[in-house]
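To start, the structure itself, in structure tokens.
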Amino acid sequence: MKNVLICLVWLSTVLAWPVFADDKDQIVGNWKLVSVLYEDVQTKQRTPVLGAHPRGYQIATAGGRWLALVTAEGRKVPTTDEERSTALRTMISYTGAYRLEDGKVITKVEAAWNESWVGTEQVRAYRFDGDFLYLESPPQAHPNIGGKVVRIIVTWVRDK
């Protein structure tokens, strides 16, 4: 009986592993930003807060490093303190070690454009559709919009 249990545990591990391996293999690479939407948790209204054509890239390495940089459409080179403040509010950038778990990519943030994210775990549900990667955050207070609670919905396309 003990040998049967050991075989069943081993078999379930072997059968489960390819699903994780496939997702990890698929998420690794360079991704070009397509869109960023903030969904208001109360009204469900979706807003392209960084414009219709934001810029950015996300890089996921096989070694477990995540780096995302997103900037709004139409940003100007800042020359005043007010413009520098606006520039900070029109970007998102963070990096850290990531892992895949239960359909989520979880990044332990080590550095970020906003210090309040450092030391947190940023959790995003992910799904693939061909060359597209869709990431969605749980509801969270976002520092770029005065702490309003939103879901962040980001679409990336594989950079070839």
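Naming scheme: A, B, ... for chains in displayed order of the structure tokens; residues 1 onward per chain; ligands 1 onward as shown.
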
Practice item. With a distance cut-off of 10 Å and only C-alpha atoms, select the neighbouring residues of range 153-157 of chain A, excluding the residue or stretch itself and same-chain residues fewer than 6 positions from it, and output the selection as a PyMOL selection string. Key: chain A and resi 30-39+46-48+56-58+124-126+128-138

Practice item. Looking only at strand (DSSP E or B) from DSSP on the backbone, list the matching residues of chain A as a PyMOL selection string. Key: chain A and resi 29-40+46-47+55-60+65-71+91-101+104-112+121-129+132-136+140-141+149-158

Test item: residues at most 10 Å from Gly29 in chain A, only C-alpha atoms, excluding those fewer than 4 positions along its chain, as a short mmCIF file (atom, residue, chain, number, x, y, z; two decimals) with C-alpha atoms, in the first residue's frame:
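See selection_34.cif below for the written result:
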```
data_model
loop_
_atom_site.label_atom_id
_atom_site.label_comp_id
_atom_site.auth_asym_id
_atom_site.auth_seq_id
_atom_site.Cartn_x
_atom_site.Cartn_y
_atom_site.Cartn_z
CA LYS A 24 6.90 29.41 -17.32
CA ASP A 25 8.35 28.71 -20.76
CA GLN A 58 8.04 43.78 -19.70
CA ILE A 59 10.85 41.28 -19.43
CA ALA A 60 10.53 37.90 -17.71
CA THR A 61 13.72 35.86 -17.52
CA ALA A 62 14.09 32.10 -17.23
CA TRP A 66 10.57 40.36 -13.71
CA ARG A 158 5.31 39.11 -27.51
CA ASP A 159 8.20 41.16 -28.90
CA LYS A 160 9.72 39.21 -31.77
#
```

Practice item. Would you list the contacts of Trp113 in chain A as a PyMOL selection string, taking every protein, DNA or RNA residue within 10 Å and counting only C-alpha atoms, but skipping same-chain residues closer than 6 positions in sequence? Key: chain A and resi 69+88-89+91-95

For the selection just defined, write its residues with N, CA and C atoms to a file, as a PDB file, in the first residue's frame.
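Printed below is selection.pdb as written:
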```
ATOM      1  N   LEU A  69       8.228  48.278 -17.298  1.00  0.00           N
ATOM      2  CA  LEU A  69       8.318  49.728 -17.424  1.00  0.00           C
ATOM      3  C   LEU A  69       7.207  50.169 -18.372  1.00  0.00           C
ATOM      4  N   LEU A  88       6.300  61.428 -13.020  1.00  0.00           N
ATOM      5  CA  LEU A  88       6.289  60.307 -12.085  1.00  0.00           C
ATOM      6  C   LEU A  88       4.911  59.647 -12.025  1.00  0.00           C
ATOM      7  N   ARG A  89       3.851  60.447 -12.106  1.00  0.00           N
ATOM      8  CA  ARG A  89       2.489  59.910 -12.052  1.00  0.00           C
ATOM      9  C   ARG A  89       2.047  59.277 -13.376  1.00  0.00           C
ATOM     10  N   MET A  91       3.815  57.011 -15.128  1.00  0.00           N
ATOM     11  CA  MET A  91       4.635  55.837 -15.391  1.00  0.00           C
ATOM     12  C   MET A  91       4.423  54.812 -14.291  1.00  0.00           C
ATOM     13  N   ILE A  92       4.797  53.598 -14.590  1.00  0.00           N
ATOM     14  CA  ILE A  92       4.846  52.510 -13.617  1.00  0.00           C
ATOM     15  C   ILE A  92       6.089  51.702 -13.969  1.00  0.00           C
ATOM     16  N   SER A  93       6.885  51.387 -12.955  1.00  0.00           N
ATOM     17  CA  SER A  93       8.055  50.560 -13.187  1.00  0.00           C
ATOM     18  C   SER A  93       8.394  49.807 -11.916  1.00  0.00           C
ATOM     19  N   TYR A  94       8.626  48.523 -12.059  1.00  0.00           N
ATOM     20  CA  TYR A  94       9.051  47.735 -10.911  1.00  0.00           C
ATOM     21  C   TYR A  94       9.789  46.488 -11.366  1.00  0.00           C
ATOM     22  N   THR A  95      10.570  45.919 -10.447  1.00  0.00           N
ATOM     23  CA  THR A  95      11.323  44.717 -10.738  1.00  0.00           C
ATOM     24  C   THR A  95      11.457  43.887  -9.472  1.00  0.00           C
TER      25      THR A  95
END
```

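Rounded to one decimal, CA of Pro143 in chain A and CA of Ile27 in chain A lie 26.7 Å from each other.
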
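The closest residue to Ala72 in chain A, picked from A:Val149, A:Ala112, A:Leu50, A:Val28 and counting only C-alpha atoms, is A:Leu50.
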
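Shortest separation to Glu121 in chain A among A:Ile145, A:Gly103, A:Ala97, A:Pro78 occurs at residue A:Ala97, atoms counted being only C-alpha atoms.
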
Review point. Residues at most 6 Å from Val105 in chain A, counting only C-alpha atoms, excluding those fewer than 2 positions away in the same chain, as a PyMOL selection string?
Key: chain A and resi 99-100+123-124

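You will find CA of Gly74 in chain A at 20.9 Å from CA of Asn114 in chain A.
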
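Interatomic distance, CA of Lys148 in chain A against CA of Thr43 in chain A: 12.0 Å.
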
Check your understanding: Please, which residues of range 25-130 of chain A, numbered as in this document, come out alpha helix (DSSP H) from DSSP, as a PyMOL selection string?
Key -> chain A and resi 25-27+81-89

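Every protein or nucleic acid residue with an atom no more than 12 Å from Gly147 in chain A, counting only C-alpha atoms and leaving out same-chain residues fewer than 4 positions away, appears here: A:Asp40, A:Arg89, A:Ser116, A:Pro139, A:Gln140, A:Ala141, A:His142, A:Pro143, A:Arg151.
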